[in-house]
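Below is one structure, written out as structure tokens, with a few remarks after it.
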Amino acid sequence: MSQDAKKRVTDIGPPHYEKFLPEMVKKNYGKWLYHEILKPGVMVHVAESGDKLFTVRTGNPRLVSIHTIRDMCTLADKYSNGNLRFTSRNNIEFLLTDEANIDPLIADLKAMGFPVGGIGNAISNIVHTQGWVHCHSAATDASGIVKNVMDALCDKFESMSLPGKLRIALACCLNMCGAVHCSDIAILGVHRRPPRINHGILSNICEIPSVVASCPTAAIRPTTVNGKQSVEVNEDQCMFCANCFTVCPAMTLSDPLNDGVSIWVGGKVSNARHEPMFSKLAVPFIPNNPPYWPEVVETVSKLVELWAANAHKYERMGEWIERIGWPRFFELTGIEFQKEHIDDFKHAGLSFKRSAHLRF
Amino acid sequence: MSNTSGKTPKLDKLDKGPWPSFVKEIKRAAEKSPMSKDLLGQLELSYEEKIGHWKHGGIVGVFGYGGGVIGRYSDVPDKFPNVAHFHTMRVNMPSAWFYSTEALRKLCDIWEKHGSGLLNMHGSTGDIIFLGTVTDKLEPIFAELTEAGFDLGGSGSDVRTPSCCVGPARCEWACYDTLNLCYDLTMHYQDELHRPAFPYKFKFKCAGCPNDCVASVARADMSIIGTWKDGIQIDNGAVKEYADKGMNIQKDVCGNCPAKCMEWDGSTMAIDNSLCRRCMHCINVMPKALRPGKERGACIMIGSKAPIVEGALLSSVLVPFMKMEPPYEELKDLVEKMHDIWCEEGKNRERIGEFIQRVGLGNFLEAIEVEPSPYMVEHPRDNPYVFYEEYFEEGDEDEGEEEDE
Amino acid sequence: MADELTAEQVADAMYKMVADAQGQKKLKPMDLQKSMIEYFGGDRCDKKLCKAAIKELIESGRCVYTYFGGSFIELPHEEGAAKG
């Protein structure tokens, strides 16, 4: 690598955000009074000055081409003075100062195939990971399942017909780059076959002590196979976390027959009403069935419908389940309660029912 | 739309439907990019075989940095030579993901010239993710990015790219300037962000209020969540307006209050702020009538993470209330002490939350010189096995008295 | 007082340590820092100097950052995954 050309610039950080703030935002920064949701996907923020900023929110597949980004730029130039932003759930927001531009923008977005919504008591975009598109440890594809689930639930993105907010997230393995563990519904890729060890190359590419140390259940031990140093796995102790694979590529867990997804419910991050909660296991395993993953779509849709039909106003999935109790949840969903539903890792006892408060 | 010459019958099924299609996006990029064309082919293979075809790299990067580039290699390079090397670059996004179209177009131009033309807007941590380029292109991309005013984000055992909610830019609930703090932390920790020196990753997320739109409580080693100390601001006229428009104030607002600290008699809203838990529900439901108080700052929470390695954690309270004003010295001092002890004693791949679980929050507090407080716990311990560190011998009663100093 | 220790000298010692460990054990920046402070003594070598030395070590091209579930400092080499 020749470095003698011109001096490299490093550590400049991101551009200062002020460069990208719309004029109206700069003027009313920190001086917003209130907001109102005007219709699905559209809200207005009113400032102390009386200024009104209109937001139009559209879905986004997250995995996008530069051509689509340029199309969005064309719309922003046409309708929102070249201003747009992305949300923490990968939606795109156009920030308009002229109310008259709202409907033409929505018409253009819809013509491009981009739904408008995701605000208020609606489903928002599904936060997700790379899956088979770009990840080495994926137990499922992320974009494909998300596309199918959102196709099925798109009307709930484009309307505000739900009792409360619904946040779905997908992570394609237990590493959870998507940190899905606090979602109303989490779709999580799982491996179910212990690592297959490539003894021929393991000691060349991995440090054996690090591999041994990587296992949270101490299931990995050093050994010698055909005269080569390697490791062995006590398969009874393997919980398929894939931590060893992260440290050592010679321990593959991916397996077409045994990989699939699990479904988790009732988590939230917001503090509104109930404190933040982890999602809990609803369905331990559904096999991968590309390209439509119909069993996953059906399960998620059913959970959404049940919650929508039974929850009180504002009640999130987890709050609803807490009110009716888990036995009733399993009864209503028809999901079979199995051994896998009972925690057996650290602190497992904390999730046992430790009272006689039982609803029959 | 034209597509690739290789057949992709399974993926073709996903380029229809009401939700925007990632397959359509890959095909669009593939019109110009052979890499994207092979990506589509390899993904089709995964859909046929139900298994991924990527290998993780661990060395490629831009010169001098230890983060920002993720090496990725196909395990079927003979079939798809254009994605044999297909690395990811993480580009540090601007605070709260605001862009000008000019800046976005510039990023697209750079990525069209040097990469697959596919990107994630955005990655899980918040960066702009450039998906797919080769080792030789990393330096040219980096040079053009810095010329355009952008830099790489974090990866590996470093400070990860901090992120924040929309904050005071467009939200009336922001209890501090999340965009400014996010930018300030990002700039302050440039070295720690680009040159990994920690036991494992460290994430900052700045949320303006307890609604926590950036999921900081679940996803950040340090969750900085805006809150207020004084009472909720009430506009009774506006409450009445909501009531007149049909809102059932008693049921929808007061009935959902977790503290049961509010009352509405038809004309006046009364809140016992000493019991209010700052949950945001009533404010969320009536944004025109109720607002967070005026004495604003943030609650500093630590330790959340996804399951890998020892199980998932939520952040827990470290400092219940801290004023959040530039240059944020109190916060940075605290972070430095936390990093010191964690770097000194943390194990490889041990997040700070797991470290605290291992050494005990009490010991951790001693190390960072923070006094224990009941705000930090759900309840005091209910197990009697206390690790007392000292005991007295006959004759050294005096020892106790000196501690008054 | 002992002569002033420079970042270059620390970098040289770090390089030797990395070279000796290559193939045996992957070292983290913190491993290098702790060893250097022990080797040169806390009065001559501190955290800041080690940080500068690591920067020097990387920017001279003698070592590179690597990632295998955690970040390490190693001698430059072609990575296994790139070999097809």
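Naming works like this for the structure tokens: A, B, ... for the chains as they're shown, residue 1 at the start of each chain, ligands 1 onward in shown order.
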For chain C versus chain B, which residues have an atom no more than 9 Å away, and what is each residue's nearest atom pair and distance in Å rounded to one decimal, using only C-alpha atoms, chain-then-number order, as JSON lines?
{"residue": "C:Lys28", "atom": "CA", "partner": "B:Ala197", "partner_atom": "CA", "distance": 7.2}
{"residue": "C:Pro29", "atom": "CA", "partner": "B:Ala197", "partner_atom": "CA", "distance": 5.3}
{"residue": "C:Met30", "atom": "CA", "partner": "B:Ala197", "partner_atom": "CA", "distance": 6.3}
{"residue": "C:Lys34", "atom": "CA", "partner": "B:Glu344", "partner_atom": "CA", "distance": 8.4}
{"residue": "C:Lys51", "atom": "CA", "partner": "B:Ala197", "partner_atom": "CA", "distance": 8.9}
{"residue": "C:Lys55", "atom": "CA", "partner": "B:Gly64", "partner_atom": "CA", "distance": 7.4}
{"residue": "C:Ile58", "atom": "CA", "partner": "B:Gly64", "partner_atom": "CA", "distance": 5.7}
{"residue": "C:Glu59", "atom": "CA", "partner": "B:Gly64", "partner_atom": "CA", "distance": 5.3}
{"residue": "C:Ser60", "atom": "CA", "partner": "B:Gly64", "partner_atom": "CA", "distance": 8.7}
{"residue": "C:Gly61", "atom": "CA", "partner": "B:Gly64", "partner_atom": "CA", "distance": 8.1}
{"residue": "C:Val64", "atom": "CA", "partner": "B:Ile59", "partner_atom": "CA", "distance": 7.5}
{"residue": "C:Tyr65", "atom": "CA", "partner": "B:Gly66", "partner_atom": "CA", "distance": 4.9}
{"residue": "C:Thr66", "atom": "CA", "partner": "B:Ile59", "partner_atom": "CA", "distance": 4.6}
{"residue": "C:Tyr67", "atom": "CA", "partner": "B:Gly58", "partner_atom": "CA", "distance": 4.4}
{"residue": "C:Phe68", "atom": "CA", "partner": "B:Gly58", "partner_atom": "CA", "distance": 5.9}
{"residue": "C:Gly69", "atom": "CA", "partner": "B:Arg349", "partner_atom": "CA", "distance": 7.1}
{"residue": "C:Gly70", "atom": "CA", "partner": "B:Ser157", "partner_atom": "CA", "distance": 5.6}
{"residue": "C:Ser71", "atom": "CA", "partner": "B:Ser157", "partner_atom": "CA", "distance": 5.2}
{"residue": "C:Phe72", "atom": "CA", "partner": "B:Pro196", "partner_atom": "CA", "distance": 8.1}
{"residue": "C:Ile73", "atom": "CA", "partner": "B:Gly66", "partner_atom": "CA", "distance": 8.9}
{"residue": "C:Pro76", "atom": "CA", "partner": "B:Ile59", "partner_atom": "CA", "distance": 8.2}
{"residue": "C:His77", "atom": "CA", "partner": "B:Ile59", "partner_atom": "CA", "distance": 8.2}
{"residue": "C:Glu78", "atom": "CA", "partner": "B:Ile59", "partner_atom": "CA", "distance": 8.0}
{"residue": "C:Glu79", "atom": "CA", "partner": "B:Ile59", "partner_atom": "CA", "distance": 6.5}
{"residue": "C:Gly80", "atom": "CA", "partner": "B:Gly57", "partner_atom": "CA", "distance": 7.9}
{"residue": "C:Ala81", "atom": "CA", "partner": "B:Gly57", "partner_atom": "CA", "distance": 5.8}
{"residue": "C:Ala82", "atom": "CA", "partner": "B:Tyr73", "partner_atom": "CA", "distance": 6.3}
{"residue": "C:Gly84", "atom": "CA", "partner": "B:Pro77", "partner_atom": "CA", "distance": 6.6}
Select residues of chain A: the criterion is any atom within 12 Å of an atom of chain C, counting only C-alpha atoms; output as a ChimeraX atom specification.
/A:1-3,8,10,136,175,201-211,214,242-250
Can you pull out every residue within 8 Å of Thr140 of chain A, counting only C-alpha atoms, but drop anything in the same chain fewer than 2 positions away, and send it as a ChimeraX atom specification?
/A:131-132,138,142,172-173,189-190,259-261,288 /B:50-52
In Å, rounded to a single decimal, give me how far atom CA of Leu181 of chain B is from atom CA of Trp342 of chain B.
22.8 Å
Give me, as an MDAnalysis selection string, the contact residues of chain B against chain A at a cut-off of 6 Å, counting only C-alpha atoms.
chainID B and resid 10 17:20 22 25 29 47 50:52 54:56 92 94:95 97:101 108 117:121 124 149:151 168:169 172 187 190 210:212 214:215 258 279:281 287:288 306 308
Using only C-alpha atoms, determine which residues lie at most 12 Å from Glu4 of chain C, disregarding the query and same-chain residues fewer than 4 positions distant; provide the list as a list in words.
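What passes the distance filter is Glu8, Gln9, Val10, Phe40, Asp43, Arg44, Cys45 and Leu49 of chain C.
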Mind checking which residues fall within 6 Å of Val56 of chain A, counting only C-alpha atoms, ignoring those fewer than 6 positions away in the same chain, and posting them as a PyMOL selection string?
chain A and resi 41-42+93-94
Determine, counting only C-alpha atoms, which protein, DNA and RNA residues have an atom within 12 Å of an atom of Leu365 of chain B; residues of the same chain fewer than 4 positions away are not included. Present the result as a PyMOL selection string.
chain B and resi 302+317-319+334+337-338+341-342+356+359-361+369-373+376
Selection above as a file: N, CA and C atoms, as a PDB file, in the first residue's frame:
ATOM      1  N   ILE B 302     -26.855   1.647  31.749  1.00  0.00           N
ATOM      2  CA  ILE B 302     -25.736   0.910  31.166  1.00  0.00           C
ATOM      3  C   ILE B 302     -26.028  -0.570  30.993  1.00  0.00           C
ATOM      4  N   VAL B 317     -30.200   1.449  35.420  1.00  0.00           N
ATOM      5  CA  VAL B 317     -29.909   2.833  35.805  1.00  0.00           C
ATOM      6  C   VAL B 317     -28.542   2.954  36.480  1.00  0.00           C
ATOM      7  N   LEU B 318     -27.768   3.899  36.000  1.00  0.00           N
ATOM      8  CA  LEU B 318     -26.496   4.227  36.641  1.00  0.00           C
ATOM      9  C   LEU B 318     -26.597   5.611  37.283  1.00  0.00           C
ATOM     10  N   VAL B 319     -27.072   6.571  36.517  1.00  0.00           N
ATOM     11  CA  VAL B 319     -27.300   7.913  37.049  1.00  0.00           C
ATOM     12  C   VAL B 319     -28.744   8.284  36.711  1.00  0.00           C
ATOM     13  N   LEU B 334     -17.414  10.034  33.375  1.00  0.00           N
ATOM     14  CA  LEU B 334     -17.999   8.773  33.800  1.00  0.00           C
ATOM     15  C   LEU B 334     -17.632   7.660  32.815  1.00  0.00           C
ATOM     16  N   LYS B 337     -14.019   6.497  33.162  1.00  0.00           N
ATOM     17  CA  LYS B 337     -13.797   5.597  34.300  1.00  0.00           C
ATOM     18  C   LYS B 337     -14.335   4.202  34.009  1.00  0.00           C
ATOM     19  N   MET B 338     -15.485   4.167  33.338  1.00  0.00           N
ATOM     20  CA  MET B 338     -16.071   2.863  32.992  1.00  0.00           C
ATOM     21  C   MET B 338     -15.167   2.103  32.033  1.00  0.00           C
ATOM     22  N   ILE B 341     -11.864   0.643  33.778  1.00  0.00           N
ATOM     23  CA  ILE B 341     -11.970  -0.589  34.570  1.00  0.00           C
ATOM     24  C   ILE B 341     -12.339  -1.776  33.694  1.00  0.00           C
ATOM     25  N   TRP B 342     -13.174  -1.516  32.698  1.00  0.00           N
ATOM     26  CA  TRP B 342     -13.602  -2.601  31.789  1.00  0.00           C
ATOM     27  C   TRP B 342     -12.428  -3.064  30.922  1.00  0.00           C
ATOM     28  N   ILE B 356     -20.203  -6.296  34.318  1.00  0.00           N
ATOM     29  CA  ILE B 356     -20.824  -5.856  35.567  1.00  0.00           C
ATOM     30  C   ILE B 356     -21.508  -7.033  36.270  1.00  0.00           C
ATOM     31  N   VAL B 359     -18.547  -9.045  37.882  1.00  0.00           N
ATOM     32  CA  VAL B 359     -17.834  -8.492  39.045  1.00  0.00           C
ATOM     33  C   VAL B 359     -18.793  -7.955  40.107  1.00  0.00           C
ATOM     34  N   GLY B 360     -20.055  -7.765  39.732  1.00  0.00           N
ATOM     35  CA  GLY B 360     -21.020  -7.199  40.669  1.00  0.00           C
ATOM     36  C   GLY B 360     -21.149  -5.698  40.481  1.00  0.00           C
ATOM     37  N   LEU B 361     -22.400  -5.228  40.451  1.00  0.00           N
ATOM     38  CA  LEU B 361     -22.614  -3.799  40.243  1.00  0.00           C
ATOM     39  C   LEU B 361     -21.983  -2.973  41.354  1.00  0.00           C
ATOM     40  N   GLU B 369     -16.267   5.127  40.993  1.00  0.00           N
ATOM     41  CA  GLU B 369     -16.510   6.169  41.988  1.00  0.00           C
ATOM     42  C   GLU B 369     -17.908   6.779  41.896  1.00  0.00           C
ATOM     43  N   VAL B 370     -18.894   5.902  41.828  1.00  0.00           N
ATOM     44  CA  VAL B 370     -20.286   6.354  41.866  1.00  0.00           C
ATOM     45  C   VAL B 370     -20.927   5.733  43.099  1.00  0.00           C
ATOM     46  N   GLU B 371     -21.633   6.557  43.874  1.00  0.00           N
ATOM     47  CA  GLU B 371     -22.284   6.066  45.087  1.00  0.00           C
ATOM     48  C   GLU B 371     -23.486   5.187  44.734  1.00  0.00           C
ATOM     49  N   PRO B 372     -23.663   4.086  45.448  1.00  0.00           N
ATOM     50  CA  PRO B 372     -24.864   3.271  45.207  1.00  0.00           C
ATOM     51  C   PRO B 372     -26.127   4.074  45.507  1.00  0.00           C
ATOM     52  N   SER B 373     -27.190   3.797  44.780  1.00  0.00           N
ATOM     53  CA  SER B 373     -28.432   4.522  45.002  1.00  0.00           C
ATOM     54  C   SER B 373     -29.598   3.577  44.761  1.00  0.00           C
ATOM     55  N   MET B 376     -30.979   2.552  41.375  1.00  0.00           N
ATOM     56  CA  MET B 376     -30.299   1.592  40.512  1.00  0.00           C
ATOM     57  C   MET B 376     -30.909   0.197  40.539  1.00  0.00           C
TER      58      MET B 376
END
Which residues come within 6 Å of segment 225-235 of chain B, counting only C-alpha atoms, excluding same-chain residues fewer than 3 positions away, as a list in words?
Cys175, Ala207, Gly208, Cys209, Ala238, Asn273, Ala289, Leu290, Arg291, Pro292, Gly293, Glu295, Arg296, Gly297, Ala298 and Cys299 of chain B
Produce a file of the selected residues containing N, CA and C atoms, as a PDB file, in the first residue's frame.
ATOM      1  N   CYS B 175     -35.864  15.815  25.637  1.00  0.00           N
ATOM      2  CA  CYS B 175     -35.472  16.407  26.916  1.00  0.00           C
ATOM      3  C   CYS B 175     -34.017  16.878  26.904  1.00  0.00           C
ATOM      4  N   ALA B 207     -31.474   8.759  23.272  1.00  0.00           N
ATOM      5  CA  ALA B 207     -32.922   8.868  23.085  1.00  0.00           C
ATOM      6  C   ALA B 207     -33.393  10.112  23.823  1.00  0.00           C
ATOM      7  N   GLY B 208     -34.230  10.898  23.185  1.00  0.00           N
ATOM      8  CA  GLY B 208     -34.634  12.182  23.761  1.00  0.00           C
ATOM      9  C   GLY B 208     -35.642  12.088  24.887  1.00  0.00           C
ATOM     10  N   CYS B 209     -36.375  10.973  24.953  1.00  0.00           N
ATOM     11  CA  CYS B 209     -37.380  10.840  26.005  1.00  0.00           C
ATOM     12  C   CYS B 209     -37.590   9.355  26.289  1.00  0.00           C
ATOM     13  N   ALA B 238     -56.497  22.494  26.640  1.00  0.00           N
ATOM     14  CA  ALA B 238     -56.241  21.514  25.581  1.00  0.00           C
ATOM     15  C   ALA B 238     -56.709  20.120  25.985  1.00  0.00           C
ATOM     16  N   ASN B 273     -46.996  14.515  40.773  1.00  0.00           N
ATOM     17  CA  ASN B 273     -45.713  14.311  40.092  1.00  0.00           C
ATOM     18  C   ASN B 273     -44.694  13.554  40.928  1.00  0.00           C
ATOM     19  N   ALA B 289     -51.808  18.772  24.958  1.00  0.00           N
ATOM     20  CA  ALA B 289     -52.213  19.203  26.290  1.00  0.00           C
ATOM     21  C   ALA B 289     -51.131  19.017  27.350  1.00  0.00           C
ATOM     22  N   LEU B 290     -50.321  17.982  27.182  1.00  0.00           N
ATOM     23  CA  LEU B 290     -49.330  17.668  28.215  1.00  0.00           C
ATOM     24  C   LEU B 290     -47.932  17.685  27.608  1.00  0.00           C
ATOM     25  N   ARG B 291     -46.984  18.160  28.386  1.00  0.00           N
ATOM     26  CA  ARG B 291     -45.599  18.195  27.905  1.00  0.00           C
ATOM     27  C   ARG B 291     -44.669  17.789  29.053  1.00  0.00           C
ATOM     28  N   PRO B 292     -43.508  17.244  28.723  1.00  0.00           N
ATOM     29  CA  PRO B 292     -42.534  16.975  29.785  1.00  0.00           C
ATOM     30  C   PRO B 292     -42.246  18.265  30.551  1.00  0.00           C
ATOM     31  N   GLY B 293     -41.772  18.119  31.789  1.00  0.00           N
ATOM     32  CA  GLY B 293     -41.477  19.294  32.605  1.00  0.00           C
ATOM     33  C   GLY B 293     -40.353  20.134  32.022  1.00  0.00           C
ATOM     34  N   GLU B 295     -37.451  21.068  33.821  1.00  0.00           N
ATOM     35  CA  GLU B 295     -36.121  20.742  34.337  1.00  0.00           C
ATOM     36  C   GLU B 295     -35.684  19.431  33.680  1.00  0.00           C
ATOM     37  N   ARG B 296     -35.027  19.567  32.546  1.00  0.00           N
ATOM     38  CA  ARG B 296     -34.788  18.400  31.696  1.00  0.00           C
ATOM     39  C   ARG B 296     -33.333  17.925  31.705  1.00  0.00           C
ATOM     40  N   GLY B 297     -33.162  16.676  31.451  1.00  0.00           N
ATOM     41  CA  GLY B 297     -31.825  16.093  31.390  1.00  0.00           C
ATOM     42  C   GLY B 297     -31.961  14.672  30.879  1.00  0.00           C
ATOM     43  N   ALA B 298     -31.126  13.790  31.388  1.00  0.00           N
ATOM     44  CA  ALA B 298     -31.202  12.412  30.922  1.00  0.00           C
ATOM     45  C   ALA B 298     -30.901  11.440  32.040  1.00  0.00           C
ATOM     46  N   CYS B 299     -31.459  10.266  31.898  1.00  0.00           N
ATOM     47  CA  CYS B 299     -31.150   9.147  32.776  1.00  0.00           C
ATOM     48  C   CYS B 299     -30.065   8.336  32.065  1.00  0.00           C
TER      49      CYS B 299
END
Among segment 94-338 of chain B, which residues does DSSP mark as alpha helix (DSSP H) when it is run on the backbone? Keep the chain and numbering as in the structure and answer as a ChimeraX atom specification.
/B:101-114,135-147,178-188,190-194,216-219,236-244,281-285,329-338
Expected answer as a ChimeraX atom specification: strand (DSSP E or B) residues in segment 128-310 of chain A
/A:166,168-171,185-190,196-197,220-225,228-233,251-252,260-265,268,277,280-287
So how many Å separate atom CA of Glu99 of chain A and atom CA of Lys165 of chain A, to one decimal?
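Value for the atom CA of Glu99 of chain A-atom CA of Lys165 of chain A distance: 26.0 Å.
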